[in-house]
Amino acid sequence: MLIYFFIALGLLIRLIPGFAHTELGMLYSPIIAIALFSGVYLSRKQALVIPLTIMAITDFFIGYYDWRLMASVYGCFLLATLWKKYWAAGTVVMPVIYYLITNYAVWQFMGWYPMNWAGLYECYIMGLPYLKNSIIGTIGYSTIFFSSYELAKYLVCKTKSYLSIQPQ
């Protein structure tokens, strides 16, 4: 059930007209947080399927781009699912890794910047606003996902223990 919720949430947020296609929607995407959460609470197979499914479906509607850049983006989301023990650190580290890998791929494959150190530097500088907002979005969504799930687990366990007490 949880897998369908996260796929639906990711699809909804990435496909909302007027949001997903704006700078705001792209910067505050929940996909890294969904991948981190999935890696902690779901099986490895489910955790890997969720971000790939969200991205593949939404990219079909939003539009595809260079396959090498797509591979770097998708790969970063898959990498996020591996942060089981260190998910809290992953909320900050994964957006940085995503920034480093995808900006390098933009520089390497898109032809937008000169193929020298100055071009790579410029590419990373131009990506800094995205990094900041990616960190903010991942921390925000992760806080909501992890705390909501843990609170729900606590309330369900508390309710079950309350119901299991038999009056004497």
# chains A, B, ... in the order shown; residues from 1 in each chain; ligands from 1

$ residues_around --residues "Ile7 of chain A" --least-positions-apart "5" --cutoff "8 Å" --atoms "only C-alpha atoms" --output "PyMOL selection string"
chain A and resi 50-51+53-54

$ residues_around --residues "Ile97 of chain A" --least-positions-apart "3" --cutoff "12 Å" --atoms "only C-alpha atoms" --output "list in words"
Ile32, Ser72, Val73, Gly75, Cys76, Phe77, Leu78, Leu79, Ala80, Ala89, Gly90, Thr91, Val92, Val93, Met94, Leu100, Ile101, Thr102, Asn103, Tyr104, Leu131, Ser134 and Ile135 of chain A

$ atom_distance --atom1 "atom CA of Arg14 of chain A" --atom2 "atom CA of Ile62 of chain A"
8.6 Å

$ residues_around --residues "segment 84-88 of chain A" --least-positions-apart "3" --cutoff "7 Å" --atoms "only C-alpha atoms" --output "ChimeraX atom specification"
/A:36,39-40,91

$ write_last_selection --atoms "N, CA and C atoms" --output "PDB file, in the first residue's frame"
ATOM      1  N   LEU A  36      14.834   7.905  -0.265  1.00  0.00           N
ATOM      2  CA  LEU A  36      15.419   7.647   1.055  1.00  0.00           C
ATOM      3  C   LEU A  36      14.453   6.863   1.937  1.00  0.00           C
ATOM      4  N   GLY A  39      14.016   3.286   0.782  1.00  0.00           N
ATOM      5  CA  GLY A  39      15.178   2.480   1.106  1.00  0.00           C
ATOM      6  C   GLY A  39      15.190   2.010   2.544  1.00  0.00           C
ATOM      7  N   VAL A  40      14.607   2.801   3.435  1.00  0.00           N
ATOM      8  CA  VAL A  40      14.577   2.443   4.855  1.00  0.00           C
ATOM      9  C   VAL A  40      13.452   1.463   5.163  1.00  0.00           C
ATOM     10  N   THR A  91      19.611  12.943   3.900  1.00  0.00           N
ATOM     11  CA  THR A  91      18.742  14.070   3.540  1.00  0.00           C
ATOM     12  C   THR A  91      19.537  15.297   3.131  1.00  0.00           C
TER      13      THR A  91
END

$ closest_residue --among "A:Tyr74, A:Asp66, A:Thr143, A:Pro30" --to "Val49 of chain A" --atoms "only C-alpha atoms"
A:Tyr74

$ select_by_dssp --residues "chain A" --states "helix (DSSP H, G or I)" --output "count of residues only"
133

$ closest_residue --among "A:Tyr99, A:Phe37, A:Tyr4, A:Tyr121" --to "Phe145 of chain A" --atoms "only C-alpha atoms"
A:Phe37

$ decode --residues "segment 39-168 of chain A" --atoms "C-alpha atoms" --output "PDB file, in the first residue's frame"
ATOM      1  CA  GLY A  39      15.178   2.480   1.106  1.00  0.00           C
ATOM      2  CA  VAL A  40      14.577   2.443   4.855  1.00  0.00           C
ATOM      3  CA  TYR A  41      11.083   0.953   5.087  1.00  0.00           C
ATOM      4  CA  LEU A  42      10.519  -1.102   1.946  1.00  0.00           C
ATOM      5  CA  SER A  43      12.201  -4.080   0.334  1.00  0.00           C
ATOM      6  CA  ARG A  44      15.190  -3.399  -1.915  1.00  0.00           C
ATOM      7  CA  LYS A  45      13.145  -4.214  -5.026  1.00  0.00           C
ATOM      8  CA  GLN A  46      10.274  -1.910  -4.038  1.00  0.00           C
ATOM      9  CA  ALA A  47      12.687   0.848  -3.044  1.00  0.00           C
ATOM     10  CA  LEU A  48      14.373   0.715  -6.447  1.00  0.00           C
ATOM     11  CA  VAL A  49      11.090   0.556  -8.369  1.00  0.00           C
ATOM     12  CA  ILE A  50       9.436   3.594  -6.771  1.00  0.00           C
ATOM     13  CA  PRO A  51      11.729   6.420  -7.967  1.00  0.00           C
ATOM     14  CA  LEU A  52      12.209   4.788 -11.380  1.00  0.00           C
ATOM     15  CA  THR A  53       8.453   4.440 -11.863  1.00  0.00           C
ATOM     16  CA  ILE A  54       7.774   8.034 -10.823  1.00  0.00           C
ATOM     17  CA  MET A  55      10.487   9.413 -13.089  1.00  0.00           C
ATOM     18  CA  ALA A  56       9.662   7.220 -16.102  1.00  0.00           C
ATOM     19  CA  ILE A  57       5.956   8.070 -16.027  1.00  0.00           C
ATOM     20  CA  THR A  58       6.404  11.781 -15.384  1.00  0.00           C
ATOM     21  CA  ASP A  59       9.205  12.130 -17.931  1.00  0.00           C
ATOM     22  CA  PHE A  60       6.847  10.602 -20.493  1.00  0.00           C
ATOM     23  CA  PHE A  61       4.499  13.564 -19.925  1.00  0.00           C
ATOM     24  CA  ILE A  62       7.022  16.295 -19.127  1.00  0.00           C
ATOM     25  CA  GLY A  63       9.468  15.286 -21.825  1.00  0.00           C
ATOM     26  CA  TYR A  64      12.564  13.212 -22.235  1.00  0.00           C
ATOM     27  CA  TYR A  65      16.036  14.662 -22.469  1.00  0.00           C
ATOM     28  CA  ASP A  66      19.536  13.362 -23.249  1.00  0.00           C
ATOM     29  CA  TRP A  67      19.698   9.709 -22.172  1.00  0.00           C
ATOM     30  CA  ARG A  68      23.083  10.228 -20.493  1.00  0.00           C
ATOM     31  CA  LEU A  69      21.730  13.021 -18.336  1.00  0.00           C
ATOM     32  CA  MET A  70      18.628  10.936 -17.593  1.00  0.00           C
ATOM     33  CA  ALA A  71      20.870   8.036 -16.555  1.00  0.00           C
ATOM     34  CA  SER A  72      22.710  10.284 -14.089  1.00  0.00           C
ATOM     35  CA  VAL A  73      19.419  11.586 -12.638  1.00  0.00           C
ATOM     36  CA  TYR A  74      17.847   8.136 -12.333  1.00  0.00           C
ATOM     37  CA  GLY A  75      21.087   6.705 -10.939  1.00  0.00           C
ATOM     38  CA  CYS A  76      21.161   9.319  -8.190  1.00  0.00           C
ATOM     39  CA  PHE A  77      17.642   8.377  -7.128  1.00  0.00           C
ATOM     40  CA  LEU A  78      18.622   4.714  -7.041  1.00  0.00           C
ATOM     41  CA  LEU A  79      21.680   5.609  -4.972  1.00  0.00           C
ATOM     42  CA  ALA A  80      19.425   7.379  -2.458  1.00  0.00           C
ATOM     43  CA  THR A  81      17.612   4.102  -1.744  1.00  0.00           C
ATOM     44  CA  LEU A  82      20.844   2.645  -0.331  1.00  0.00           C
ATOM     45  CA  TRP A  83      21.082   5.023   2.650  1.00  0.00           C
ATOM     46  CA  LYS A  84      19.215   2.682   5.018  1.00  0.00           C
ATOM     47  CA  LYS A  85      21.202   3.226   8.213  1.00  0.00           C
ATOM     48  CA  TYR A  86      22.233   6.782   7.452  1.00  0.00           C
ATOM     49  CA  TRP A  87      19.024   8.193   6.046  1.00  0.00           C
ATOM     50  CA  ALA A  88      19.187  11.329   8.227  1.00  0.00           C
ATOM     51  CA  ALA A  89      22.611  12.209   6.821  1.00  0.00           C
ATOM     52  CA  GLY A  90      21.275  11.244   3.401  1.00  0.00           C
ATOM     53  CA  THR A  91      18.742  14.070   3.540  1.00  0.00           C
ATOM     54  CA  VAL A  92      21.639  16.517   3.190  1.00  0.00           C
ATOM     55  CA  VAL A  93      24.289  14.379   1.488  1.00  0.00           C
ATOM     56  CA  MET A  94      22.091  12.995  -1.315  1.00  0.00           C
ATOM     57  CA  PRO A  95      21.070  16.405  -2.697  1.00  0.00           C
ATOM     58  CA  VAL A  96      24.784  17.316  -2.741  1.00  0.00           C
ATOM     59  CA  ILE A  97      25.665  14.068  -4.547  1.00  0.00           C
ATOM     60  CA  TYR A  98      22.765  14.657  -6.942  1.00  0.00           C
ATOM     61  CA  TYR A  99      24.040  18.196  -7.597  1.00  0.00           C
ATOM     62  CA  LEU A 100      27.625  17.045  -8.207  1.00  0.00           C
ATOM     63  CA  ILE A 101      26.707  14.158 -10.518  1.00  0.00           C
ATOM     64  CA  THR A 102      23.937  15.810 -12.523  1.00  0.00           C
ATOM     65  CA  ASN A 103      25.752  19.122 -12.977  1.00  0.00           C
ATOM     66  CA  TYR A 104      28.810  17.246 -14.179  1.00  0.00           C
ATOM     67  CA  ALA A 105      26.565  15.361 -16.625  1.00  0.00           C
ATOM     68  CA  VAL A 106      25.034  18.645 -17.824  1.00  0.00           C
ATOM     69  CA  TRP A 107      28.518  20.049 -18.415  1.00  0.00           C
ATOM     70  CA  GLN A 108      29.767  16.858 -20.074  1.00  0.00           C
ATOM     71  CA  PHE A 109      26.819  16.008 -22.320  1.00  0.00           C
ATOM     72  CA  MET A 110      24.587  19.011 -22.956  1.00  0.00           C
ATOM     73  CA  GLY A 111      27.029  21.351 -24.713  1.00  0.00           C
ATOM     74  CA  TRP A 112      25.846  24.383 -22.774  1.00  0.00           C
ATOM     75  CA  TYR A 113      29.221  25.211 -21.227  1.00  0.00           C
ATOM     76  CA  PRO A 114      32.782  25.286 -22.577  1.00  0.00           C
ATOM     77  CA  MET A 115      34.599  21.973 -22.167  1.00  0.00           C
ATOM     78  CA  ASN A 116      37.255  23.324 -19.813  1.00  0.00           C
ATOM     79  CA  TRP A 117      37.670  23.970 -16.085  1.00  0.00           C
ATOM     80  CA  ALA A 118      36.019  27.377 -16.395  1.00  0.00           C
ATOM     81  CA  GLY A 119      32.985  25.794 -18.060  1.00  0.00           C
ATOM     82  CA  LEU A 120      32.698  23.137 -15.357  1.00  0.00           C
ATOM     83  CA  TYR A 121      33.043  25.809 -12.670  1.00  0.00           C
ATOM     84  CA  GLU A 122      30.347  27.926 -14.326  1.00  0.00           C
ATOM     85  CA  CYS A 123      28.037  24.902 -14.562  1.00  0.00           C
ATOM     86  CA  TYR A 124      28.401  24.221 -10.848  1.00  0.00           C
ATOM     87  CA  ILE A 125      27.913  27.907  -9.958  1.00  0.00           C
ATOM     88  CA  MET A 126      24.741  28.063 -12.074  1.00  0.00           C
ATOM     89  CA  GLY A 127      23.416  24.992 -10.233  1.00  0.00           C
ATOM     90  CA  LEU A 128      23.848  26.413  -6.721  1.00  0.00           C
ATOM     91  CA  PRO A 129      20.251  27.727  -6.398  1.00  0.00           C
ATOM     92  CA  TYR A 130      19.008  24.242  -7.304  1.00  0.00           C
ATOM     93  CA  LEU A 131      21.291  22.680  -4.698  1.00  0.00           C
ATOM     94  CA  LYS A 132      20.026  24.959  -1.941  1.00  0.00           C
ATOM     95  CA  ASN A 133      16.403  24.295  -2.742  1.00  0.00           C
ATOM     96  CA  SER A 134      17.004  20.577  -3.257  1.00  0.00           C
ATOM     97  CA  ILE A 135      18.449  20.353   0.250  1.00  0.00           C
ATOM     98  CA  ILE A 136      15.529  22.325   1.681  1.00  0.00           C
ATOM     99  CA  GLY A 137      12.980  20.212  -0.202  1.00  0.00           C
ATOM    100  CA  THR A 138      14.594  16.900   0.729  1.00  0.00           C
ATOM    101  CA  ILE A 139      14.852  17.842   4.406  1.00  0.00           C
ATOM    102  CA  GLY A 140      11.252  19.079   4.411  1.00  0.00           C
ATOM    103  CA  TYR A 141       9.733  16.094   2.643  1.00  0.00           C
ATOM    104  CA  SER A 142      11.889  13.633   4.611  1.00  0.00           C
ATOM    105  CA  THR A 143      10.778  15.203   7.874  1.00  0.00           C
ATOM    106  CA  ILE A 144       7.143  14.837   6.857  1.00  0.00           C
ATOM    107  CA  PHE A 145       7.500  11.264   5.542  1.00  0.00           C
ATOM    108  CA  PHE A 146       9.604   9.795   8.354  1.00  0.00           C
ATOM    109  CA  SER A 147       7.857  11.562  11.238  1.00  0.00           C
ATOM    110  CA  SER A 148       4.367  10.818   9.898  1.00  0.00           C
ATOM    111  CA  TYR A 149       5.198   7.159   9.429  1.00  0.00           C
ATOM    112  CA  GLU A 150       6.755   6.809  12.871  1.00  0.00           C
ATOM    113  CA  LEU A 151       3.831   8.642  14.484  1.00  0.00           C
ATOM    114  CA  ALA A 152       1.346   6.380  12.673  1.00  0.00           C
ATOM    115  CA  LYS A 153       3.307   3.299  13.776  1.00  0.00           C
ATOM    116  CA  TYR A 154       3.318   4.542  17.362  1.00  0.00           C
ATOM    117  CA  LEU A 155      -0.413   5.266  17.352  1.00  0.00           C
ATOM    118  CA  VAL A 156      -1.255   1.889  15.798  1.00  0.00           C
ATOM    119  CA  CYS A 157       0.900   0.031  18.342  1.00  0.00           C
ATOM    120  CA  LYS A 158      -0.579   2.036  21.192  1.00  0.00           C
ATOM    121  CA  THR A 159      -4.099   1.306  19.964  1.00  0.00           C
ATOM    122  CA  LYS A 160      -3.343  -2.412  19.592  1.00  0.00           C
ATOM    123  CA  SER A 161      -1.910  -2.617  23.107  1.00  0.00           C
ATOM    124  CA  TYR A 162      -4.918  -0.726  24.445  1.00  0.00           C
ATOM    125  CA  LEU A 163      -7.302  -3.113  22.696  1.00  0.00           C
ATOM    126  CA  SER A 164      -5.415  -6.172  23.911  1.00  0.00           C
ATOM    127  CA  ILE A 165      -5.885  -5.229  27.584  1.00  0.00           C
ATOM    128  CA  GLN A 166      -8.826  -7.258  28.811  1.00  0.00           C
ATOM    129  CA  PRO A 167     -10.910  -5.886  31.672  1.00  0.00           C
ATOM    130  CA  GLN A 168     -10.892  -8.207  34.702  1.00  0.00           C
TER     131      GLN A 168
END
